[in-house]
file coords_30.csv (CSV, N, CA and C atoms)
chain,number,residue,atom,x,y,z
A,1,MET,N,-8.8,25.5,-49.9
A,1,MET,CA,-8.4,26.3,-51.0
A,1,MET,C,-8.0,27.7,-50.5
A,2,TYR,N,-7.1,28.3,-51.2
A,2,TYR,CA,-6.6,29.6,-50.9
A,2,TYR,C,-7.2,30.7,-51.6
A,3,THR,N,-8.0,30.4,-52.7
A,3,THR,CA,-8.7,31.4,-53.5
A,3,THR,C,-10.2,31.1,-53.4
A,4,ASN,N,-10.9,31.9,-54.1
A,4,ASN,CA,-12.4,31.8,-54.1
A,4,ASN,C,-13.0,30.8,-55.1
A,5,SER,N,-12.2,30.3,-56.0
A,5,SER,CA,-12.7,29.4,-57.0
A,5,SER,C,-11.7,28.4,-57.5
A,6,ARG,N,-12.1,27.3,-58.1
A,6,ARG,CA,-11.2,26.3,-58.6
A,6,ARG,C,-10.4,26.9,-59.7
A,7,GLU,N,-10.9,27.7,-60.6
A,7,GLU,CA,-10.2,28.4,-61.7
A,7,GLU,C,-9.0,29.2,-61.1
A,8,ASN,N,-9.3,30.0,-60.1
A,8,ASN,CA,-8.3,30.8,-59.5
A,8,ASN,C,-7.2,30.0,-58.8
A,9,GLU,N,-7.6,28.9,-58.2
A,9,GLU,CA,-6.6,28.0,-57.6
A,9,GLU,C,-5.7,27.4,-58.6
A,10,VAL,N,-6.3,27.0,-59.7
A,10,VAL,CA,-5.5,26.4,-60.8
A,10,VAL,C,-4.5,27.5,-61.4
A,11,ARG,N,-5.0,28.7,-61.5
A,11,ARG,CA,-4.2,29.8,-62.0
A,11,ARG,C,-3.0,30.0,-61.0
A,12,LEU,N,-3.3,30.0,-59.7
A,12,LEU,CA,-2.2,30.2,-58.7
A,12,LEU,C,-1.2,29.0,-58.8
A,13,LEU,N,-1.6,27.8,-58.9
A,13,LEU,CA,-0.7,26.7,-59.1
A,13,LEU,C,0.2,26.9,-60.3
A,14,LYS,N,-0.4,27.2,-61.4
A,14,LYS,CA,0.4,27.4,-62.7
A,14,LYS,C,1.4,28.5,-62.5
A,15,ARG,N,1.0,29.6,-61.8
A,15,ARG,CA,2.0,30.7,-61.6
A,15,ARG,C,3.2,30.2,-60.8
A,16,LEU,N,2.9,29.5,-59.7
A,16,LEU,CA,3.9,29.0,-58.8
A,16,LEU,C,4.8,28.1,-59.6
A,17,TRP,N,4.3,27.1,-60.3
A,17,TRP,CA,5.1,26.1,-61.0
A,17,TRP,C,5.9,26.7,-62.1
A,18,ALA,N,5.4,27.8,-62.7
A,18,ALA,CA,6.1,28.5,-63.7
A,18,ALA,C,7.2,29.4,-63.2
A,19,GLY,N,7.3,29.6,-61.9
A,19,GLY,CA,8.3,30.5,-61.3
A,19,GLY,C,8.0,32.0,-61.4
A,20,LEU,N,6.7,32.3,-61.7
A,20,LEU,CA,6.3,33.7,-61.8
A,20,LEU,C,6.1,34.4,-60.4
A,21,PRO,N,6.5,35.6,-60.3
A,21,PRO,CA,6.2,36.3,-59.0
A,21,PRO,C,4.8,36.3,-58.7
A,22,THR,N,4.5,35.8,-57.5
A,22,THR,CA,3.1,35.7,-57.1
A,22,THR,C,2.8,36.3,-55.7
A,23,ILE,N,1.9,37.1,-55.6
A,23,ILE,CA,1.5,37.7,-54.3
A,23,ILE,C,0.7,36.7,-53.5
A,24,CYS,N,0.9,36.7,-52.2
A,24,CYS,CA,0.2,35.8,-51.3
A,24,CYS,C,-1.3,36.1,-51.4
A,25,PRO,N,-2.1,35.0,-51.7
A,25,PRO,CA,-3.5,35.2,-51.8
A,25,PRO,C,-4.2,35.4,-50.5
A,26,LYS,N,-3.5,35.1,-49.4
A,26,LYS,CA,-4.1,35.2,-48.1
A,26,LYS,C,-4.0,36.6,-47.5
A,27,CYS,N,-2.7,37.2,-47.5
A,27,CYS,CA,-2.6,38.5,-46.9
A,27,CYS,C,-2.4,39.6,-47.9
A,28,ARG,N,-2.0,39.2,-49.2
A,28,ARG,CA,-1.8,40.2,-50.3
A,28,ARG,C,-0.7,41.2,-49.9
A,29,GLN,N,0.3,40.8,-49.1
A,29,GLN,CA,1.3,41.8,-48.7
A,29,GLN,C,2.7,41.5,-49.2
A,30,ALA,N,3.0,40.3,-49.7
A,30,ALA,CA,4.3,39.9,-50.1
A,30,ALA,C,4.3,38.9,-51.2
A,31,GLU,N,5.4,38.8,-51.9
A,31,GLU,CA,5.5,37.7,-52.9
A,31,GLU,C,5.9,36.4,-52.2
A,32,LEU,N,5.4,35.3,-52.7
A,32,LEU,CA,5.7,34.0,-52.2
A,32,LEU,C,7.1,33.7,-52.5
A,33,GLU,N,7.8,33.0,-51.6
A,33,GLU,CA,9.2,32.6,-51.8
A,33,GLU,C,9.3,31.1,-51.7
A,34,HIS,N,10.3,30.5,-52.3
A,34,HIS,CA,10.6,29.0,-52.1
A,34,HIS,C,10.7,28.7,-50.6
A,35,LEU,N,10.1,27.7,-50.2
A,35,LEU,CA,10.2,27.3,-48.8
A,35,LEU,C,11.6,26.7,-48.5
A,36,HIS,N,12.1,26.0,-49.5
A,36,HIS,CA,13.4,25.3,-49.3
A,36,HIS,C,14.4,26.0,-50.2
A,37,LYS,N,14.9,27.2,-49.9
A,37,LYS,CA,15.7,28.0,-50.7
A,37,LYS,C,17.0,27.3,-51.1
A,38,LYS,N,17.6,26.6,-50.1
A,38,LYS,CA,18.9,26.0,-50.4
A,38,LYS,C,18.8,24.7,-51.2
A,39,ALA,N,17.7,24.0,-51.0
A,39,ALA,CA,17.6,22.7,-51.7
A,39,ALA,C,16.6,22.8,-52.9
A,40,LYS,N,16.8,23.8,-53.7
A,40,LYS,CA,15.9,24.1,-54.8
A,40,LYS,C,15.8,22.9,-55.8
A,41,LYS,N,15.4,21.8,-55.3
A,41,LYS,CA,15.3,20.6,-56.1
A,41,LYS,C,14.0,20.7,-56.9
A,42,ARG,N,12.9,21.1,-56.2
A,42,ARG,CA,11.6,21.1,-56.8
A,42,ARG,C,10.9,22.4,-56.3
A,43,ASN,N,10.1,23.0,-57.2
A,43,ASN,CA,9.3,24.2,-56.9
A,43,ASN,C,7.9,23.8,-56.4
A,44,VAL,N,7.8,23.1,-55.3
A,44,VAL,CA,6.5,22.6,-54.9
A,44,VAL,C,6.1,23.3,-53.6
A,45,ASP,N,7.0,23.8,-52.8
A,45,ASP,CA,6.6,24.4,-51.5
A,45,ASP,C,7.0,25.9,-51.5
A,46,TRP,N,6.0,26.7,-51.1
A,46,TRP,CA,6.2,28.1,-51.1
A,46,TRP,C,5.8,28.7,-49.7
A,47,LYS,N,6.3,29.8,-49.4
A,47,LYS,CA,6.0,30.5,-48.1
A,47,LYS,C,5.9,32.0,-48.3
A,48,CYS,N,4.9,32.6,-47.6
A,48,CYS,CA,4.8,34.0,-47.6
A,48,CYS,C,5.6,34.6,-46.4
A,49,PRO,N,6.5,35.5,-46.8
A,49,PRO,CA,7.4,36.0,-45.7
A,49,PRO,C,6.6,37.0,-44.8
A,50,ALA,N,5.5,37.5,-45.2
A,50,ALA,CA,4.7,38.4,-44.4
A,50,ALA,C,3.8,37.7,-43.4
A,51,CYS,N,3.0,36.8,-43.8
A,51,CYS,CA,2.1,36.2,-42.9
A,51,CYS,C,2.5,34.8,-42.5
A,52,GLY,N,3.5,34.2,-43.2
A,52,GLY,CA,4.0,32.9,-42.8
A,52,GLY,C,3.2,31.7,-43.4
A,53,GLU,N,2.2,32.0,-44.2
A,53,GLU,CA,1.4,30.9,-44.8
A,53,GLU,C,2.3,30.0,-45.7
A,54,ILE,N,2.1,28.7,-45.6
A,54,ILE,CA,2.9,27.8,-46.4
A,54,ILE,C,1.9,27.2,-47.5
A,55,TYR,N,2.4,27.2,-48.7
A,55,TYR,CA,1.6,26.7,-49.8
A,55,TYR,C,2.4,25.4,-50.3
A,56,ARG,N,1.8,24.3,-50.1
A,56,ARG,CA,2.3,23.0,-50.6
A,56,ARG,C,1.5,22.6,-51.8
A,57,THR,N,2.1,22.9,-53.0
A,57,THR,CA,1.3,22.8,-54.2
A,57,THR,C,0.8,21.4,-54.6
A,58,ILE,N,1.5,20.4,-54.2
A,58,ILE,CA,1.1,19.0,-54.4
A,58,ILE,C,-0.2,18.8,-53.6
A,59,ASN,N,-0.3,19.2,-52.4
A,59,ASN,CA,-1.5,19.1,-51.6
A,59,ASN,C,-2.6,19.9,-52.2
A,60,MET,N,-2.3,21.1,-52.6
A,60,MET,CA,-3.3,22.0,-53.2
A,60,MET,C,-3.9,21.3,-54.4
A,61,LEU,N,-3.1,20.7,-55.2
A,61,LEU,CA,-3.6,20.1,-56.4
A,61,LEU,C,-4.5,18.9,-56.1
A,62,SER,N,-4.2,18.1,-55.1
A,62,SER,CA,-5.0,16.9,-54.7
A,62,SER,C,-6.3,17.4,-54.0
A,63,GLU,N,-6.3,18.6,-53.5
A,63,GLU,CA,-7.5,19.0,-52.8
A,63,GLU,C,-8.5,19.8,-53.7
A,64,LEU,N,-8.1,20.0,-54.9
A,64,LEU,CA,-9.0,20.8,-55.8
A,64,LEU,C,-10.3,20.1,-56.0
A,65,PRO,N,-11.4,20.9,-55.9
A,65,PRO,CA,-12.7,20.3,-56.2
A,65,PRO,C,-12.8,19.9,-57.7
A,66,ASP,N,-13.7,18.9,-58.0
A,66,ASP,CA,-13.8,18.4,-59.3
A,66,ASP,C,-14.4,19.5,-60.3
A,67,SER,N,-15.2,20.3,-59.8
A,67,SER,CA,-15.8,21.3,-60.8
A,67,SER,C,-15.9,22.7,-60.1
call {"tool": "encode", "arguments": {"input": "coords_30.csv", "output": "structure tokens"}}
result
Amino acid sequence: MYTNSRENEVRLLKRLWAGLPTICPKCRQAELEHLHKKAKKRNVDWKCPACGEIYRTINMLSELPDS
């Protein structure tokens, strides 16, 4: 998980899927950008331009704890 709770992780996923500007939860220094800028087919992969962390939202969703 990239955040400190399941609720925050779900909030992060919702922001990314909605296309809202989202600050990197790891370094807090830059907005996340689409990983595949040219092939904007799906908004599922994001990258922080500052720290290089990659957020694969499908994986994040499958790794969420039950409660």
call {"tool": "residues_around", "arguments": {"input": "coords_30.csv", "residues": "Thr22 of chain A", "least_positions_apart": "6", "cutoff": "6 Å", "atoms": "only N, CA and C atoms", "output": "number ranges by chain"}}
result
A: 30-32
call {"tool": "write_last_selection", "arguments": {"input": "coords_30.csv", "atoms": "N, CA and C atoms", "output": "mmCIF file, in the coordinates of the input"}}
result
data_model
loop_
_atom_site.group_PDB
_atom_site.id
_atom_site.type_symbol
_atom_site.label_atom_id
_atom_site.label_comp_id
_atom_site.auth_asym_id
_atom_site.auth_seq_id
_atom_site.Cartn_x
_atom_site.Cartn_y
_atom_site.Cartn_z
ATOM 1 N N ALA A 30 3.000 40.300 -49.700
ATOM 2 C CA ALA A 30 4.300 39.900 -50.100
ATOM 3 C C ALA A 30 4.300 38.900 -51.200
ATOM 4 N N GLU A 31 5.400 38.800 -51.900
ATOM 5 C CA GLU A 31 5.500 37.700 -52.900
ATOM 6 C C GLU A 31 5.900 36.400 -52.200
ATOM 7 N N LEU A 32 5.400 35.300 -52.700
ATOM 8 C CA LEU A 32 5.700 34.000 -52.200
ATOM 9 C C LEU A 32 7.100 33.700 -52.500
#
call {"tool": "residues_around", "arguments": {"input": "coords_30.csv", "residues": "Gly52 of chain A", "least_positions_apart": "4", "cutoff": "10 Å", "atoms": "only C-alpha atoms", "output": "PyMOL selection string"}}
result
chain A and resi 24+26-27+32+46-48
call {"tool": "atom_distance", "arguments": {"input": "coords_30.csv", "atom1": "atom CA of Cys51 of chain A", "atom2": "atom C of Met1 of chain A"}}
result
15.2 Å
call {"tool": "atom_distance", "arguments": {"input": "coords_30.csv", "atom1": "atom CA of Pro25 of chain A", "atom2": "atom N of Arg11 of chain A"}}
result
11.8 Å
call {"tool": "select_by_dssp", "arguments": {"input": "coords_30.csv", "residues": "chain A", "states": "alpha helix (DSSP H)", "output": "NGL selection string"}}
result
:A and (6-18 or 57-62)
call {"tool": "residues_near_point", "arguments": {"input": "coords_30.csv", "point": "(-1.3, 24.5, -45.9)", "cutoff": "10 Å", "atoms": "only C-alpha atoms", "output": "PDB file with N, CA and C atoms, keeping the file's coordinate frame"}}
result
ATOM      1  N   MET A   1      -8.800  25.500 -49.900  1.00  0.00           N
ATOM      2  CA  MET A   1      -8.400  26.300 -51.000  1.00  0.00           C
ATOM      3  C   MET A   1      -8.000  27.700 -50.500  1.00  0.00           C
ATOM      4  N   TYR A   2      -7.100  28.300 -51.200  1.00  0.00           N
ATOM      5  CA  TYR A   2      -6.600  29.600 -50.900  1.00  0.00           C
ATOM      6  C   TYR A   2      -7.200  30.700 -51.600  1.00  0.00           C
ATOM      7  N   ASP A  45       7.000  23.800 -52.800  1.00  0.00           N
ATOM      8  CA  ASP A  45       6.600  24.400 -51.500  1.00  0.00           C
ATOM      9  C   ASP A  45       7.000  25.900 -51.500  1.00  0.00           C
ATOM     10  N   TRP A  46       6.000  26.700 -51.100  1.00  0.00           N
ATOM     11  CA  TRP A  46       6.200  28.100 -51.100  1.00  0.00           C
ATOM     12  C   TRP A  46       5.800  28.700 -49.700  1.00  0.00           C
ATOM     13  N   LYS A  47       6.300  29.800 -49.400  1.00  0.00           N
ATOM     14  CA  LYS A  47       6.000  30.500 -48.100  1.00  0.00           C
ATOM     15  C   LYS A  47       5.900  32.000 -48.300  1.00  0.00           C
ATOM     16  N   GLU A  53       2.200  32.000 -44.200  1.00  0.00           N
ATOM     17  CA  GLU A  53       1.400  30.900 -44.800  1.00  0.00           C
ATOM     18  C   GLU A  53       2.300  30.000 -45.700  1.00  0.00           C
ATOM     19  N   ILE A  54       2.100  28.700 -45.600  1.00  0.00           N
ATOM     20  CA  ILE A  54       2.900  27.800 -46.400  1.00  0.00           C
ATOM     21  C   ILE A  54       1.900  27.200 -47.500  1.00  0.00           C
ATOM     22  N   TYR A  55       2.400  27.200 -48.700  1.00  0.00           N
ATOM     23  CA  TYR A  55       1.600  26.700 -49.800  1.00  0.00           C
ATOM     24  C   TYR A  55       2.400  25.400 -50.300  1.00  0.00           C
ATOM     25  N   ARG A  56       1.800  24.300 -50.100  1.00  0.00           N
ATOM     26  CA  ARG A  56       2.300  23.000 -50.600  1.00  0.00           C
ATOM     27  C   ARG A  56       1.500  22.600 -51.800  1.00  0.00           C
ATOM     28  N   THR A  57       2.100  22.900 -53.000  1.00  0.00           N
ATOM     29  CA  THR A  57       1.300  22.800 -54.200  1.00  0.00           C
ATOM     30  C   THR A  57       0.800  21.400 -54.600  1.00  0.00           C
ATOM     31  N   ASN A  59      -0.300  19.200 -52.400  1.00  0.00           N
ATOM     32  CA  ASN A  59      -1.500  19.100 -51.600  1.00  0.00           C
ATOM     33  C   ASN A  59      -2.600  19.900 -52.200  1.00  0.00           C
ATOM     34  N   MET A  60      -2.300  21.100 -52.600  1.00  0.00           N
ATOM     35  CA  MET A  60      -3.300  22.000 -53.200  1.00  0.00           C
ATOM     36  C   MET A  60      -3.900  21.300 -54.400  1.00  0.00           C
TER      37      MET A  60
END
call {"tool": "atom_distance", "arguments": {"input": "coords_30.csv", "atom1": "atom C of Pro49 of chain A", "atom2": "atom N of His36 of chain A"}}
result
13.2 Å
call {"tool": "closest_residue", "arguments": {"input": "coords_30.csv", "among": "A:Thr3, A:His34, A:Glu9, A:Glu63", "to": "Pro21 of chain A", "atoms": "only C-alpha atoms"}}
result
A:His34
call {"tool": "select_by_dssp", "arguments": {"input": "coords_30.csv", "residues": "chain A", "states": "strand (DSSP E)", "output": "VMD selection string"}}
result
chain A and resid 33 to 34 45 to 47 54 to 56
call {"tool": "write_last_selection", "arguments": {"input": "coords_30.csv", "atoms": "N, CA and C atoms", "output": "tab-separated table (two decimals), in the frame of the given file"}}
result
chain	number	residue	atom	x	y	z
A	33	GLU	N	7.80	33.00	-51.60
A	33	GLU	CA	9.20	32.60	-51.80
A	33	GLU	C	9.30	31.10	-51.70
A	34	HIS	N	10.30	30.50	-52.30
A	34	HIS	CA	10.60	29.00	-52.10
A	34	HIS	C	10.70	28.70	-50.60
A	45	ASP	N	7.00	23.80	-52.80
A	45	ASP	CA	6.60	24.40	-51.50
A	45	ASP	C	7.00	25.90	-51.50
A	46	TRP	N	6.00	26.70	-51.10
A	46	TRP	CA	6.20	28.10	-51.10
A	46	TRP	C	5.80	28.70	-49.70
A	47	LYS	N	6.30	29.80	-49.40
A	47	LYS	CA	6.00	30.50	-48.10
A	47	LYS	C	5.90	32.00	-48.30
A	54	ILE	N	2.10	28.70	-45.60
A	54	ILE	CA	2.90	27.80	-46.40
A	54	ILE	C	1.90	27.20	-47.50
A	55	TYR	N	2.40	27.20	-48.70
A	55	TYR	CA	1.60	26.70	-49.80
A	55	TYR	C	2.40	25.40	-50.30
A	56	ARG	N	1.80	24.30	-50.10
A	56	ARG	CA	2.30	23.00	-50.60
A	56	ARG	C	1.50	22.60	-51.80
call {"tool": "closest_residue", "arguments": {"input": "coords_30.csv", "among": "A:Gln29, A:Ala18, A:Leu13, A:Asn8", "to": "Ala50 of chain A", "atoms": "all atoms listed in the file"}}
result
A:Gln29
call {"tool": "build_atoms", "arguments": {"input": "coords_30.csv", "residues": "segment 50-65 of chain A", "atoms": "N, CA, C and O atoms", "output": "mmCIF file, in the frame of the given file"}}
result
data_model
loop_
_atom_site.group_PDB
_atom_site.id
_atom_site.type_symbol
_atom_site.label_atom_id
_atom_site.label_comp_id
_atom_site.auth_asym_id
_atom_site.auth_seq_id
_atom_site.Cartn_x
_atom_site.Cartn_y
_atom_site.Cartn_z
ATOM 1 N N ALA A 50 5.500 37.500 -45.200
ATOM 2 C CA ALA A 50 4.700 38.400 -44.400
ATOM 3 C C ALA A 50 3.800 37.700 -43.400
ATOM 4 O O ALA A 50 3.884 38.045 -42.191
ATOM 5 N N CYS A 51 3.000 36.800 -43.800
ATOM 6 C CA CYS A 51 2.100 36.200 -42.900
ATOM 7 C C CYS A 51 2.500 34.800 -42.500
ATOM 8 O O CYS A 51 1.904 34.177 -41.557
ATOM 9 N N GLY A 52 3.500 34.200 -43.200
ATOM 10 C CA GLY A 52 4.000 32.900 -42.800
ATOM 11 C C GLY A 52 3.200 31.700 -43.400
ATOM 12 O O GLY A 52 3.503 30.536 -43.068
ATOM 13 N N GLU A 53 2.200 32.000 -44.200
ATOM 14 C CA GLU A 53 1.400 30.900 -44.800
ATOM 15 C C GLU A 53 2.300 30.000 -45.700
ATOM 16 O O GLU A 53 3.057 30.550 -46.444
ATOM 17 N N ILE A 54 2.100 28.700 -45.600
ATOM 18 C CA ILE A 54 2.900 27.800 -46.400
ATOM 19 C C ILE A 54 1.900 27.200 -47.500
ATOM 20 O O ILE A 54 0.829 26.757 -47.138
ATOM 21 N N TYR A 55 2.400 27.200 -48.700
ATOM 22 C CA TYR A 55 1.600 26.700 -49.800
ATOM 23 C C TYR A 55 2.400 25.400 -50.300
ATOM 24 O O TYR A 55 3.442 25.527 -50.889
ATOM 25 N N ARG A 56 1.800 24.300 -50.100
ATOM 26 C CA ARG A 56 2.300 23.000 -50.600
ATOM 27 C C ARG A 56 1.500 22.600 -51.800
ATOM 28 O O ARG A 56 0.386 22.129 -51.729
ATOM 29 N N THR A 57 2.100 22.900 -53.000
ATOM 30 C CA THR A 57 1.300 22.800 -54.200
ATOM 31 C C THR A 57 0.800 21.400 -54.600
ATOM 32 O O THR A 57 -0.263 21.257 -55.147
ATOM 33 N N ILE A 58 1.500 20.400 -54.200
ATOM 34 C CA ILE A 58 1.100 19.000 -54.400
ATOM 35 C C ILE A 58 -0.200 18.800 -53.600
ATOM 36 O O ILE A 58 -1.172 18.192 -54.144
ATOM 37 N N ASN A 59 -0.300 19.200 -52.400
ATOM 38 C CA ASN A 59 -1.500 19.100 -51.600
ATOM 39 C C ASN A 59 -2.600 19.900 -52.200
ATOM 40 O O ASN A 59 -3.748 19.485 -52.191
ATOM 41 N N MET A 60 -2.300 21.100 -52.600
ATOM 42 C CA MET A 60 -3.300 22.000 -53.200
ATOM 43 C C MET A 60 -3.900 21.300 -54.400
ATOM 44 O O MET A 60 -5.155 21.348 -54.584
ATOM 45 N N LEU A 61 -3.100 20.700 -55.200
ATOM 46 C CA LEU A 61 -3.600 20.100 -56.400
ATOM 47 C C LEU A 61 -4.500 18.900 -56.100
ATOM 48 O O LEU A 61 -5.622 18.727 -56.648
ATOM 49 N N SER A 62 -4.200 18.100 -55.100
ATOM 50 C CA SER A 62 -5.000 16.900 -54.700
ATOM 51 C C SER A 62 -6.300 17.400 -54.000
ATOM 52 O O SER A 62 -7.241 16.589 -54.028
ATOM 53 N N GLU A 63 -6.300 18.600 -53.500
ATOM 54 C CA GLU A 63 -7.500 19.000 -52.800
ATOM 55 C C GLU A 63 -8.500 19.800 -53.700
ATOM 56 O O GLU A 63 -9.515 20.310 -53.201
ATOM 57 N N LEU A 64 -8.100 20.000 -54.900
ATOM 58 C CA LEU A 64 -9.000 20.800 -55.800
ATOM 59 C C LEU A 64 -10.300 20.100 -56.000
ATOM 60 O O LEU A 64 -10.396 18.896 -56.177
ATOM 61 N N PRO A 65 -11.400 20.900 -55.900
ATOM 62 C CA PRO A 65 -12.700 20.300 -56.200
ATOM 63 C C PRO A 65 -12.800 19.900 -57.700
ATOM 64 O O PRO A 65 -12.159 20.425 -58.536
#
